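File shown here: structure-v2.tsv, holding TSV, C-alpha atoms.
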chain	number	residue	atom	x	y	z
T	1	MET	CA	0.00	0.00	0.00
T	2	SER	CA	1.40	3.46	0.85
T	3	SER	CA	5.08	3.74	1.68
T	4	ARG	CA	6.08	3.98	5.30
T	5	ARG	CA	6.37	7.41	6.80
T	6	ARG	CA	8.41	8.51	9.76
T	7	GLY	CA	7.03	10.62	12.60
T	8	PRO	CA	3.48	11.76	13.18
T	9	ARG	CA	1.16	11.88	10.17
T	10	PRO	CA	-1.17	14.75	9.55
T	11	ALA	CA	-4.79	13.91	10.34
T	12	GLY	CA	-6.75	12.75	7.31
T	13	THR	CA	-8.74	9.94	5.80
T	14	ASP	CA	-5.74	7.67	5.34
T	15	THR	CA	-4.70	8.22	8.97
T	16	ARG	CA	-7.81	6.38	10.06
T	17	GLU	CA	-7.06	3.57	7.64
T	18	ALA	CA	-3.45	3.36	8.79
T	19	ILE	CA	-4.64	3.02	12.39
T	20	VAL	CA	-7.16	0.29	11.52
T	21	HIS	CA	-4.50	-1.53	9.53
T	22	ALA	CA	-2.01	-1.40	12.43
T	23	ALA	CA	-4.69	-2.38	14.94
T	24	ARG	CA	-5.79	-5.39	12.89
T	25	LYS	CA	-2.20	-6.60	12.73
T	26	GLN	CA	-1.61	-6.18	16.47
T	27	PHE	CA	-4.91	-7.67	17.59
T	28	SER	CA	-4.32	-10.74	15.46
T	29	GLU	CA	-0.68	-11.13	16.52
T	30	LYS	CA	-0.85	-10.15	20.19
T	31	GLY	CA	-4.47	-10.75	21.07
T	32	TYR	CA	-6.85	-8.30	22.63
T	33	GLN	CA	-5.03	-8.15	25.94
T	34	GLY	CA	-1.58	-7.63	24.42
T	35	THR	CA	-2.60	-4.71	22.21
T	36	THR	CA	-2.26	-1.12	23.43
T	37	LEU	CA	-3.44	2.11	21.83
T	38	ARG	CA	0.10	3.44	22.28
T	39	ALA	CA	1.63	0.58	20.27
T	40	VAL	CA	-1.04	0.83	17.58
T	41	GLY	CA	-0.36	4.56	17.29
T	42	ALA	CA	3.38	3.95	17.02
T	43	ALA	CA	2.93	1.29	14.33
T	44	ALA	CA	0.62	3.56	12.36
T	45	GLY	CA	3.04	6.47	12.76
T	46	VAL	CA	0.52	8.67	14.56
T	47	ASP	CA	0.19	10.22	17.99
T	48	PRO	CA	-1.64	7.78	20.29
T	49	ARG	CA	-4.06	10.61	21.13
T	50	LEU	CA	-5.20	10.56	17.52
T	51	VAL	CA	-6.12	6.88	17.96
T	52	LEU	CA	-8.33	7.85	20.89
T	53	HIS	CA	-9.71	10.80	18.95
T	54	TYR	CA	-10.77	8.62	16.02
T	55	PHE	CA	-11.99	5.54	17.90
T	56	GLY	CA	-12.78	6.58	21.47
T	57	SER	CA	-11.62	3.31	23.09
T	58	LYS	CA	-9.73	0.07	22.57
T	59	GLN	CA	-13.07	-1.71	22.38
T	60	GLN	CA	-14.31	0.50	19.58
T	61	LEU	CA	-11.00	0.21	17.74
T	62	PHE	CA	-11.27	-3.55	18.00
T	63	MET	CA	-14.82	-3.59	16.65
T	64	GLN	CA	-13.77	-1.41	13.70
T	65	SER	CA	-10.70	-3.51	12.96
T	66	LEU	CA	-12.56	-6.82	12.65
T	67	GLU	CA	-12.47	-7.87	9.04
T	68	LEU	CA	-15.96	-9.19	8.66
T	69	PRO	CA	-16.87	-10.73	5.30
T	70	ILE	CA	-19.60	-8.07	5.09
T	71	ALA	CA	-19.52	-4.60	6.59
T	72	PRO	CA	-20.98	-4.67	10.12
T	73	ALA	CA	-23.43	-1.90	9.32
T	74	THR	CA	-25.14	-3.90	6.60
T	75	VAL	CA	-24.98	-7.34	8.25
T	76	ILE	CA	-28.31	-7.10	10.01
T	77	GLU	CA	-29.99	-5.58	6.98
T	78	GLN	CA	-28.72	-8.35	4.72
T	79	LEU	CA	-29.49	-11.11	7.19
T	80	ALA	CA	-32.97	-9.83	7.84
T	81	ALA	CA	-33.81	-9.17	4.18
T	82	GLN	CA	-35.95	-11.62	2.29
T	83	GLY	CA	-33.76	-14.06	0.44
T	84	PRO	CA	-33.06	-17.72	-0.10
T	85	GLY	CA	-32.73	-19.73	3.11
T	86	THR	CA	-33.76	-19.03	6.67
T	87	ILE	CA	-32.27	-16.36	8.93
T	88	GLY	CA	-30.50	-19.18	10.77
T	89	GLU	CA	-28.85	-20.29	7.53
T	90	ARG	CA	-27.70	-16.80	6.73
T	91	ALA	CA	-26.42	-16.23	10.29
T	92	ALA	CA	-24.63	-19.62	10.25
T	93	GLU	CA	-23.06	-18.80	6.89
T	94	LEU	CA	-21.73	-15.51	8.26
T	95	ILE	CA	-20.43	-16.97	11.52
T	96	VAL	CA	-18.74	-19.95	9.89
T	97	SER	CA	-17.14	-17.56	7.38
T	98	VAL	CA	-15.81	-15.31	10.13
T	99	LEU	CA	-14.34	-18.32	11.94
T	100	GLU	CA	-12.81	-19.64	8.72
T	101	ASP	CA	-11.20	-16.43	7.52
T	102	LYS	CA	-7.65	-16.58	8.88
T	103	THR	CA	-7.46	-13.00	10.15
T	104	SER	CA	-10.92	-12.66	11.64
T	105	ARG	CA	-10.58	-16.11	13.23
T	106	ARG	CA	-7.35	-15.15	15.00
T	107	VAL	CA	-9.00	-12.04	16.31
T	108	MET	CA	-12.16	-13.84	17.45
T	109	ILE	CA	-10.21	-16.64	19.08
T	110	SER	CA	-7.84	-14.33	20.89
T	111	LEU	CA	-10.91	-12.54	22.19
T	112	ILE	CA	-12.54	-15.77	23.38
T	113	ARG	CA	-9.30	-16.78	25.09
T	114	ALA	CA	-9.00	-13.36	26.72
T	115	ALA	CA	-12.63	-13.48	27.85
T	116	ALA	CA	-11.76	-16.50	29.98
T	117	SER	CA	-9.72	-14.28	32.30
T	118	GLU	CA	-10.38	-10.63	31.47
T	119	PRO	CA	-13.69	-8.90	32.22
T	120	GLU	CA	-13.09	-6.24	29.54
T	121	ALA	CA	-12.81	-8.88	26.81
T	122	ALA	CA	-15.89	-10.64	28.18
T	123	GLU	CA	-17.80	-7.38	27.92
T	124	LEU	CA	-16.60	-6.99	24.35
T	125	ILE	CA	-17.96	-10.41	23.44
T	126	ARG	CA	-21.28	-9.43	24.96
T	127	GLU	CA	-21.21	-6.21	22.96
T	128	MET	CA	-20.17	-7.78	19.64
T	129	LEU	CA	-22.18	-10.93	19.67
T	130	THR	CA	-25.36	-9.80	21.28
T	131	THR	CA	-25.86	-6.03	21.26
T	132	SER	CA	-24.58	-5.44	17.74
T	133	PHE	CA	-25.35	-8.71	16.03
T	134	LEU	CA	-27.63	-11.34	17.51
T	135	LEU	CA	-29.95	-9.07	19.49
T	136	PRO	CA	-31.06	-7.07	16.42
T	137	LEU	CA	-31.60	-10.41	14.64
T	138	ALA	CA	-33.65	-11.77	17.55
T	139	GLU	CA	-35.67	-8.56	17.59
T	140	HIS	CA	-36.21	-8.79	13.84
T	141	VAL	CA	-37.52	-12.35	14.19
T	142	GLY	CA	-39.85	-11.07	16.92
T	143	GLY	CA	-41.31	-12.65	20.05
T	144	ALA	CA	-40.70	-12.66	23.78
T	145	ASN	CA	-37.32	-12.19	25.46
T	146	PRO	CA	-35.05	-11.32	22.49
T	147	ARG	CA	-32.06	-10.95	24.85
T	148	LEU	CA	-32.33	-14.53	26.02
T	149	ARG	CA	-32.78	-15.78	22.46
T	150	ALA	CA	-29.73	-13.78	21.33
T	151	GLY	CA	-27.72	-15.03	24.32
T	152	LEU	CA	-28.44	-18.67	23.54
T	153	ALA	CA	-27.38	-18.14	19.92
T	154	ALA	CA	-24.23	-16.39	21.19
T	155	SER	CA	-23.46	-19.38	23.43
T	156	GLN	CA	-23.36	-21.57	20.32
T	157	VAL	CA	-21.07	-19.14	18.51
T	158	VAL	CA	-18.63	-19.04	21.43
T	159	GLY	CA	-18.84	-22.82	21.84
T	160	LEU	CA	-18.11	-23.38	18.17
T	161	GLY	CA	-15.07	-21.12	18.37
T	162	MET	CA	-13.83	-22.86	21.53
T	163	ALA	CA	-14.48	-26.42	20.37
T	164	ARG	CA	-13.05	-26.03	16.85
T	165	HIS	CA	-10.24	-23.57	17.30
T	166	VAL	CA	-9.19	-23.58	20.96
T	167	VAL	CA	-9.84	-27.14	22.14
T	168	GLY	CA	-9.34	-28.51	18.60
T	169	LEU	CA	-12.05	-31.14	18.85
T	170	GLN	CA	-11.80	-33.53	15.89
T	171	PRO	CA	-13.44	-34.18	13.47
T	172	LEU	CA	-15.37	-30.96	14.23
T	173	ALA	CA	-12.27	-28.81	13.72
T	174	ALA	CA	-11.77	-30.25	10.23
T	175	ALA	CA	-15.43	-30.28	9.14
T	176	SER	CA	-16.22	-28.51	5.86
T	177	HIS	CA	-17.89	-25.12	5.63
T	178	GLU	CA	-20.94	-26.72	4.03
T	179	GLN	CA	-21.17	-29.38	6.74
T	180	LEU	CA	-20.95	-26.84	9.54
T	181	VAL	CA	-23.54	-24.51	8.09
T	182	ARG	CA	-25.96	-27.43	7.65
T	183	ALA	CA	-25.35	-28.50	11.25
T	184	VAL	CA	-25.66	-25.15	13.02
T	185	ALA	CA	-28.23	-23.27	10.87
T	186	PRO	CA	-31.24	-25.10	12.41
T	187	VAL	CA	-29.82	-24.32	15.87
T	188	PHE	CA	-29.73	-20.59	15.14
T	189	ASP	CA	-33.27	-20.79	13.77
T	190	HIS	CA	-34.35	-22.61	16.91
T	191	TYR	CA	-32.67	-20.19	19.32
T	192	LEU	CA	-33.72	-17.02	17.50
T	193	GLY	CA	-37.24	-18.33	16.94
T	194	GLY	CA	-37.88	-18.95	20.63
T	195	ASP	CA	-40.58	-21.67	20.66
T	196	TYR	CA	-39.06	-22.76	23.96
T	197	ILE	CA	-39.45	-19.41	25.76
T	198	ILE	CA	-41.39	-19.66	29.00
T	199	GLU	CA	-43.21	-16.34	29.14
T	200	GLN	CA	-43.05	-14.51	32.44
T	201	PRO	CA	-46.10	-12.68	33.74
T	202	ALA	CA	-45.55	-8.92	33.34
T	203	ALA	CA	-44.26	-7.13	36.45
T	204	GLY	CA	-47.08	-6.00	38.72
T	205	GLN	CA	-49.47	-8.59	37.33
T	206	PRO	CA	-50.11	-11.19	40.00
T	207	LYS	CA	-49.43	-14.77	38.91
T	208	ALA	CA	-52.63	-16.79	38.44
T	209	ARG	CA	-52.90	-19.64	40.94
J	1	MET	CA	-16.60	-36.57	58.52
J	2	SER	CA	-13.54	-38.32	60.02
J	3	SER	CA	-11.28	-36.27	62.27
J	4	ARG	CA	-8.04	-34.94	60.84
J	5	ARG	CA	-5.01	-37.16	61.09
J	6	ARG	CA	-1.37	-36.17	61.08
J	7	GLY	CA	1.26	-37.83	58.92
J	8	PRO	CA	0.82	-40.52	56.28
J	9	ARG	CA	-2.32	-42.66	56.52
J	10	PRO	CA	-2.23	-46.39	56.00
J	11	ALA	CA	-3.61	-47.46	52.62
J	12	GLY	CA	-7.29	-48.38	52.77
J	13	THR	CA	-10.73	-47.59	51.47
J	14	ASP	CA	-10.96	-44.28	53.29
J	15	THR	CA	-7.56	-43.21	51.93
J	16	ARG	CA	-9.06	-43.13	48.47
J	17	GLU	CA	-12.01	-41.11	49.72
J	18	ALA	CA	-9.74	-38.71	51.58
J	19	ILE	CA	-7.78	-38.12	48.37
J	20	VAL	CA	-10.92	-37.53	46.30
J	21	HIS	CA	-12.24	-35.16	48.97
J	22	ALA	CA	-8.98	-33.17	49.01
J	23	ALA	CA	-8.78	-33.15	45.21
J	24	ARG	CA	-12.34	-31.88	44.84
J	25	LYS	CA	-11.60	-29.02	47.21
J	26	GLN	CA	-8.37	-28.03	45.44
J	27	PHE	CA	-9.73	-28.33	41.90
J	28	SER	CA	-12.67	-26.12	42.78
J	29	GLU	CA	-10.56	-23.56	44.68
J	30	LYS	CA	-7.40	-23.45	42.57
J	31	GLY	CA	-8.60	-24.69	39.20
J	32	TYR	CA	-7.17	-27.52	37.16
J	33	GLN	CA	-3.86	-25.78	36.48
J	34	GLY	CA	-3.27	-24.75	40.09
J	35	THR	CA	-3.77	-28.22	41.55
J	36	THR	CA	-0.83	-30.58	42.06
J	37	LEU	CA	-0.81	-34.22	43.11
J	38	ARG	CA	1.69	-33.26	45.80
J	39	ALA	CA	-0.63	-30.68	47.35
J	40	VAL	CA	-3.60	-33.05	47.13
J	41	GLY	CA	-1.56	-35.75	48.89
J	42	ALA	CA	-0.49	-33.30	51.60
J	43	ALA	CA	-4.07	-32.14	52.20
J	44	ALA	CA	-5.28	-35.74	52.38
J	45	GLY	CA	-2.44	-36.65	54.72
J	46	VAL	CA	-1.01	-39.28	52.39
J	47	ASP	CA	2.20	-39.78	50.47
J	48	PRO	CA	1.81	-38.19	46.99
J	49	ARG	CA	2.92	-41.53	45.49
J	50	LEU	CA	-0.26	-43.05	46.89
J	51	VAL	CA	-2.27	-40.50	44.91
J	52	LEU	CA	-0.53	-41.67	41.74
J	53	HIS	CA	-0.97	-45.29	42.78
J	54	TYR	CA	-4.73	-44.91	43.20
J	55	PHE	CA	-5.50	-42.61	40.29
J	56	GLY	CA	-2.66	-42.90	37.77
J	57	SER	CA	-2.69	-39.23	36.68
J	58	LYS	CA	-4.00	-35.78	37.48
J	59	GLN	CA	-6.50	-36.19	34.64
J	60	GLN	CA	-7.91	-39.39	36.11
J	61	LEU	CA	-8.01	-37.86	39.59
J	62	PHE	CA	-9.93	-34.94	38.15
J	63	MET	CA	-12.44	-37.18	36.39
J	64	GLN	CA	-13.01	-39.13	39.61
J	65	SER	CA	-13.36	-36.00	41.71
J	66	LEU	CA	-16.13	-34.45	39.62
J	67	GLU	CA	-19.31	-34.55	41.65
J	68	LEU	CA	-21.76	-35.45	38.96
J	69	PRO	CA	-25.43	-35.63	39.96
J	70	ILE	CA	-25.37	-39.26	38.82
J	71	ALA	CA	-22.39	-41.61	38.92
J	72	PRO	CA	-20.45	-41.37	35.63
J	73	ALA	CA	-20.60	-45.11	35.09
J	74	THR	CA	-24.39	-45.13	34.96
J	75	VAL	CA	-24.90	-41.85	33.12
J	76	ILE	CA	-24.91	-43.36	29.65
J	77	GLU	CA	-27.05	-46.27	30.74
J	78	GLN	CA	-29.63	-44.00	32.30
J	79	LEU	CA	-29.60	-41.52	29.44
J	80	ALA	CA	-29.93	-44.23	26.85
J	81	ALA	CA	-32.63	-46.18	28.70
J	82	GLN	CA	-36.24	-45.88	27.66
J	83	GLY	CA	-37.96	-43.26	29.74
J	84	PRO	CA	-39.96	-40.08	29.57
J	85	GLY	CA	-38.53	-37.46	27.25
J	86	THR	CA	-35.98	-37.57	24.47
J	87	ILE	CA	-32.28	-38.32	24.87
J	88	GLY	CA	-31.66	-34.62	24.24
J	89	GLU	CA	-33.93	-33.74	27.17
J	90	ARG	CA	-32.17	-36.15	29.47
J	91	ALA	CA	-28.71	-34.96	28.35
J	92	ALA	CA	-29.78	-31.30	28.76
J	93	GLU	CA	-31.14	-32.05	32.23
J	94	LEU	CA	-27.82	-33.60	33.24
J	95	ILE	CA	-25.64	-30.84	31.77
J	96	VAL	CA	-27.69	-28.01	33.21
J	97	SER	CA	-27.58	-29.76	36.60
J	98	VAL	CA	-23.80	-30.10	36.47
J	99	LEU	CA	-23.45	-26.41	35.58
J	100	GLU	CA	-25.87	-25.42	38.35
J	101	ASP	CA	-24.34	-27.44	41.16
J	102	LYS	CA	-21.94	-25.06	42.87
J	103	THR	CA	-19.02	-27.48	43.20
J	104	SER	CA	-19.21	-29.20	39.83
J	105	ARG	CA	-19.74	-25.83	38.13
J	106	ARG	CA	-16.58	-24.38	39.66
J	107	VAL	CA	-14.64	-27.40	38.50
J	108	MET	CA	-16.11	-27.36	34.97
J	109	ILE	CA	-15.60	-23.63	34.61
J	110	SER	CA	-12.02	-23.74	35.85
J	111	LEU	CA	-11.44	-26.45	33.28
J	112	ILE	CA	-12.97	-24.41	30.45
J	113	ARG	CA	-10.86	-21.41	31.49
J	114	ALA	CA	-7.74	-23.54	31.63
J	115	ALA	CA	-8.51	-25.08	28.23
J	116	ALA	CA	-8.18	-21.62	26.71
J	117	SER	CA	-4.44	-21.70	27.37
J	118	GLU	CA	-3.39	-25.20	28.44
J	119	PRO	CA	-3.34	-28.14	26.02
J	120	GLU	CA	-3.66	-30.69	28.85
J	121	ALA	CA	-6.93	-29.15	30.01
J	122	ALA	CA	-8.15	-29.02	26.42
J	123	GLU	CA	-7.42	-32.73	26.09
J	124	LEU	CA	-9.35	-33.36	29.30
J	125	ILE	CA	-12.40	-31.57	27.91
J	126	ARG	CA	-12.18	-33.71	24.79
J	127	GLU	CA	-11.91	-36.79	26.99
J	128	MET	CA	-14.72	-35.89	29.39
J	129	LEU	CA	-17.23	-34.41	27.05
J	130	THR	CA	-16.81	-36.57	24.02
J	131	THR	CA	-15.03	-39.87	24.68
J	132	SER	CA	-16.77	-40.62	27.98
J	133	PHE	CA	-20.08	-38.88	27.61
J	134	LEU	CA	-21.37	-37.57	24.29
J	135	LEU	CA	-19.70	-40.08	21.97
J	136	PRO	CA	-21.36	-43.10	23.62
J	137	LEU	CA	-24.67	-41.21	23.42
J	138	ALA	CA	-24.14	-40.41	19.74
J	139	GLU	CA	-23.27	-44.04	19.11
J	140	HIS	CA	-26.37	-45.15	20.98
J	141	VAL	CA	-28.56	-42.89	18.83
J	142	GLY	CA	-26.88	-44.43	15.77
J	143	GLY	CA	-26.04	-43.06	12.32
J	144	ALA	CA	-23.05	-41.73	10.42
J	145	ASN	CA	-20.14	-39.85	11.99
J	146	PRO	CA	-20.87	-40.16	15.74
J	147	ARG	CA	-17.66	-38.23	16.55
J	148	LEU	CA	-18.82	-35.19	14.64
J	149	ARG	CA	-22.28	-35.39	16.21
J	150	ALA	CA	-20.75	-35.68	19.69
J	151	GLY	CA	-18.36	-32.81	18.95
J	152	LEU	CA	-21.17	-30.48	17.92
J	153	ALA	CA	-23.09	-31.32	21.10
J	154	ALA	CA	-19.88	-30.71	23.09
J	155	SER	CA	-19.50	-27.30	21.45
J	156	GLN	CA	-22.90	-26.33	22.85
J	157	VAL	CA	-21.96	-27.56	26.33
J	158	VAL	CA	-18.72	-25.55	26.33
J	159	GLY	CA	-20.53	-22.53	24.89
J	160	LEU	CA	-23.21	-22.67	27.56
J	161	GLY	CA	-20.55	-22.82	30.29
J	162	MET	CA	-18.62	-19.91	28.73
J	163	ALA	CA	-21.64	-17.72	28.01
J	164	ARG	CA	-23.40	-18.22	31.36
J	165	HIS	CA	-20.57	-18.58	33.81
J	166	VAL	CA	-17.44	-17.03	32.28
J	167	VAL	CA	-18.74	-14.20	30.09
J	168	GLY	CA	-21.84	-13.79	32.29
J	169	LEU	CA	-24.21	-13.03	29.46
J	170	GLN	CA	-27.55	-11.79	30.83
J	171	PRO	CA	-30.36	-12.82	30.97
J	172	LEU	CA	-28.92	-16.20	29.97
J	173	ALA	CA	-26.83	-16.43	33.14
J	174	ALA	CA	-29.94	-15.95	35.30
J	175	ALA	CA	-32.30	-18.17	33.29
J	176	SER	CA	-34.11	-20.89	35.24
J	177	HIS	CA	-33.20	-24.56	35.08
J	178	GLU	CA	-36.53	-25.33	33.40
J	179	GLN	CA	-36.06	-22.57	30.82
J	180	LEU	CA	-32.55	-23.73	29.93
J	181	VAL	CA	-33.49	-27.38	29.57
J	182	ARG	CA	-36.40	-26.43	27.29
J	183	ALA	CA	-34.06	-24.28	25.20
J	184	VAL	CA	-31.14	-26.65	24.76
J	185	ALA	CA	-32.80	-30.10	24.73
J	186	PRO	CA	-33.92	-29.80	21.07
J	187	VAL	CA	-30.38	-28.74	20.17
J	188	PHE	CA	-28.90	-31.89	21.70
J	189	ASP	CA	-31.52	-33.99	19.93
J	190	HIS	CA	-30.64	-32.24	16.66
J	191	TYR	CA	-26.88	-32.63	17.04
J	192	LEU	CA	-26.99	-36.22	18.28
J	193	GLY	CA	-29.60	-37.20	15.68
J	194	GLY	CA	-27.50	-36.04	12.74
J	195	ASP	CA	-30.07	-35.28	10.01
J	196	TYR	CA	-27.59	-32.69	8.77
J	197	ILE	CA	-24.65	-35.09	8.27
J	198	ILE	CA	-23.24	-35.04	4.76
J	199	GLU	CA	-22.15	-38.63	4.24
J	200	GLN	CA	-18.68	-39.09	2.80
J	201	PRO	CA	-18.09	-41.80	0.21
J	202	ALA	CA	-16.15	-44.64	1.89
J	203	ALA	CA	-12.37	-44.52	1.38
J	204	GLY	CA	-11.35	-46.27	-1.84
J	205	GLN	CA	-14.79	-45.81	-3.39
J	206	PRO	CA	-14.49	-43.26	-6.18
J	207	LYS	CA	-16.93	-40.35	-5.89
J	208	ALA	CA	-19.74	-40.57	-8.46
J	209	ARG	CA	-19.61	-37.74	-11.00
Once more with this new file: its structure as structure tokens, please.
Amino acid sequence: MSSRRRGPRPAGTDTREAIVHAARKQFSEKGYQGTTLRAVGAAAGVDPRLVLHYFGSKQQLFMQSLELPIAPATVIEQLAAQGPGTIGERAAELIVSVLEDKTSRRVMISLIRAAASEPEAAELIREMLTTSFLLPLAEHVGGANPRLRAGLAASQVVGLGMARHVVGLQPLAAASHEQLVRAVAPVFDHYLGGDYIIEQPAAGQPKAR
Amino acid sequence: MSSRRRGPRPAGTDTREAIVHAARKQFSEKGYQGTTLRAVGAAAGVDPRLVLHYFGSKQQLFMQSLELPIAPATVIEQLAAQGPGTIGERAAELIVSVLEDKTSRRVMISLIRAAASEPEAAELIREMLTTSFLLPLAEHVGGANPRLRAGLAASQVVGLGMARHVVGLQPLAAASHEQLVRAVAPVFDHYLGGDYIIEQPAAGQPKAR
């Protein structure tokens, strides 16, 4: 891409890109825990304060640096749009793709590993998987308790990442893309659909006896 | 229980119990990684070599020290026996119970945490969840590729443990036993049943074109 520059860069559109590029590299090489805004700034050749200025926090920088197969902003729209296959199939396709792409997998896995011991990374998983991705899907599908439905779907995403890429459970780890999507799509449909939800009486309404 | 003794105990039936009792305490307080056979022996008041003599390895000691709601030896038998509900329901009931019991949850969670960074703990998860538990169930259900079916079910177990007890995803973490069993039982039935399995042509048989 552009040749390397020495010293601070002037602010501009390619500054943002240089930061994202450096962040992506560090997150995938050093994990979430091992990456600092200072080091990302240094690698991008910018003042670390500019990193904060553009992204606000390490969490936000991480979210922006994830190379998703589709842009995060349009994921929900595309998944929720009418099209061939169920929402579960489209969600499974996306998740399996993210876990198969070498860069995004390293980032996701380092995050799952970090979540095992670091509350900040755990919060980020909650943010990424539920608030920005599975909760809007669960809300789109409609029905009671979308947060619980999204959380159950998220548990399967985390479990798939752990079992395939951290624990290395065979033959699951070596299963084909097609095989995985066929296996997990009905599970996402089930969790997001929520036939199993036990509805709670609304607060203030006494329970019938 | 029995009063504390000083110095090495003579070998006997209660020696084994004293070791298991000490191991259970240490695994749940210090995690899998932090527990040593030496420290377990010291806490049980026995020579560490006796611990090895009775259990063979830390992995075996761990397996024996898990307080499962039903004895491991009869789990498969009971789950596979005719009875009310599907196999998925009975497996879900067991897994949710293990994750709800305070002691067995601490042990399972420390193991999942450890698996994120320690290959030995990862191997133990493979051993516990698939070889001794889900693989026999998948084989009992019958059909192609029982290892893949067991592995997918294991991914959901690990994911549930991570999402509820490590990441602390709400409201999943606070969901009732009944709600969880209703949510995950159909998933175990799906994974163990294997309608989604893409059968591979047997080795040596050329693929039809």
Can you tell me how far CA of Val187 in chain T sits from CA of Glu139 in chain T, in Å to one decimal? 16.9 Å
Residues near range 168-184 of chain T, anyone? I mean within 6 Å using all atoms listed in the file, not counting same-chain ones fewer than 2 positions away, as a list in words. Ala92, Glu93, Ala163, Arg164, His165, Val166, Pro186 and Val187 of chain T; Leu148, Gly151 and Tyr196 of chain J
Let me see the file: selected residues, C-alpha atoms, as a PDB file, keeping the file's coordinate frame.
ATOM      1  CA  ALA T  92     -24.630 -19.620  10.250  1.00  0.00           C
ATOM      2  CA  GLU T  93     -23.060 -18.800   6.890  1.00  0.00           C
ATOM      3  CA  ALA T 163     -14.480 -26.420  20.370  1.00  0.00           C
ATOM      4  CA  ARG T 164     -13.050 -26.030  16.850  1.00  0.00           C
ATOM      5  CA  HIS T 165     -10.240 -23.570  17.300  1.00  0.00           C
ATOM      6  CA  VAL T 166      -9.190 -23.580  20.960  1.00  0.00           C
ATOM      7  CA  PRO T 186     -31.240 -25.100  12.410  1.00  0.00           C
ATOM      8  CA  VAL T 187     -29.820 -24.320  15.870  1.00  0.00           C
TER       9      VAL T 187
ATOM     10  CA  LEU J 148     -18.820 -35.190  14.640  1.00  0.00           C
ATOM     11  CA  GLY J 151     -18.360 -32.810  18.950  1.00  0.00           C
ATOM     12  CA  TYR J 196     -27.590 -32.690   8.770  1.00  0.00           C
TER      13      TYR J 196
END
Rank T:Val20, T:Leu61, T:Ile109, T:Leu134 by their smallest atom-to-atom distance to chain J, using only C-alpha atoms, and report the top residue only. T:Ile109
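Near His140 in chain J, within 12 Å and counting only C-alpha atoms, sit Ile76, Glu77, Gln78, Leu79, Ala80, Ala81, Gln82, Ile87, Phe133, Leu134, Leu135, Pro146, Arg147, Arg149, Ala150, Leu192 and Gly193 of chain J; same-chain residues fewer than 5 positions away were not included.
As for CA of Ala114 in chain T and CA of Asp101 in chain T, they are spaced 19.6 Å apart.
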Residues near Thr36 in chain T, cut-off 12 Å, only C-alpha atoms, skip fewer than 5 positions along chain, as a list in words: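 Contacts, with the query itself left out: Ala22, Ala23, Arg24, Gln26, Phe27, Lys30, Gly31, Gly41, Ala42, Ala43, Pro48, Val51, Leu52, Ser57, Lys58, Gln59, Leu61 and Phe62 of chain T.
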Could you write out as lines of an AutoDock Vina configuration file the box around range 120-139 of chain T (axis-aligned, all atoms listed in the file, 6 Å on each side), with centre and edge lengths in Å to one decimal?
center_x = -24.2
center_y = -8.6
center_z = 22.1
size_x = 34.9
size_y = 18.3
size_z = 26.9
For range 120-122 of chain J, list every protein, DNA or RNA residue within 7 Å, evaluated using all atoms listed in the file, and leave out those in the same chain fewer than 3 positions away; present the list as a list in words.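 Skipping anything fewer than 3 positions along the chain leaves Val167 of chain T; Leu111, Ala114, Ala115, Ile125 and Arg126 of chain J.
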Report, in Å with one decimal, the straight-line distance from CA of Met162 in chain T to CA of Met162 in chain J. 9.1 Å
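Residue nearest Ser155 in chain J within the list J:Pro136, J:His21, J:Glu118, J:Ile112: J:Ile112 [criterion: smallest interatomic distance, all atoms listed in the file].
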May I have the residues within 9 Å of Phe55 in chain J as a list in words, using only C-alpha atoms and disregarding those fewer than 5 positions away in the same chain?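 Here the qualifying residues turn out to be Arg16, Leu50, Gln60, Leu61 and Gln64 of chain J.
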Selected residue, from T:Asp47, T:Glu89, T:Asp189, T:Glu123, that lies nearest to chain J when counting only C-alpha atoms: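 Between T:Asp47, T:Glu89, T:Asp189, T:Glu123, the residue approaching chain J most closely is T:Glu123.
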Can you work out which one of J:Leu137, J:Ala116, J:Ala91, J:Leu37 has the shortest atom-to-atom distance to chain T, counting only C-alpha atoms?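 The shortest atom-to-atom distance to chain T comes from J:Ala116.
Of the residues listed (J:Thr103, J:Ser65, J:Ser110, J:Thr15), J:Ser110 shows the shortest atom-to-atom separation from chain T; distances use only C-alpha atoms.
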Between T:Ser132, T:Ala154, T:Gln33, T:Gly88, which residue has the minimum interatomic distance to Pro119 in chain T, considering all atoms listed in the file?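 Using all atoms listed in the file, the shortest distance to Pro119 in chain T belongs to T:Gln33.
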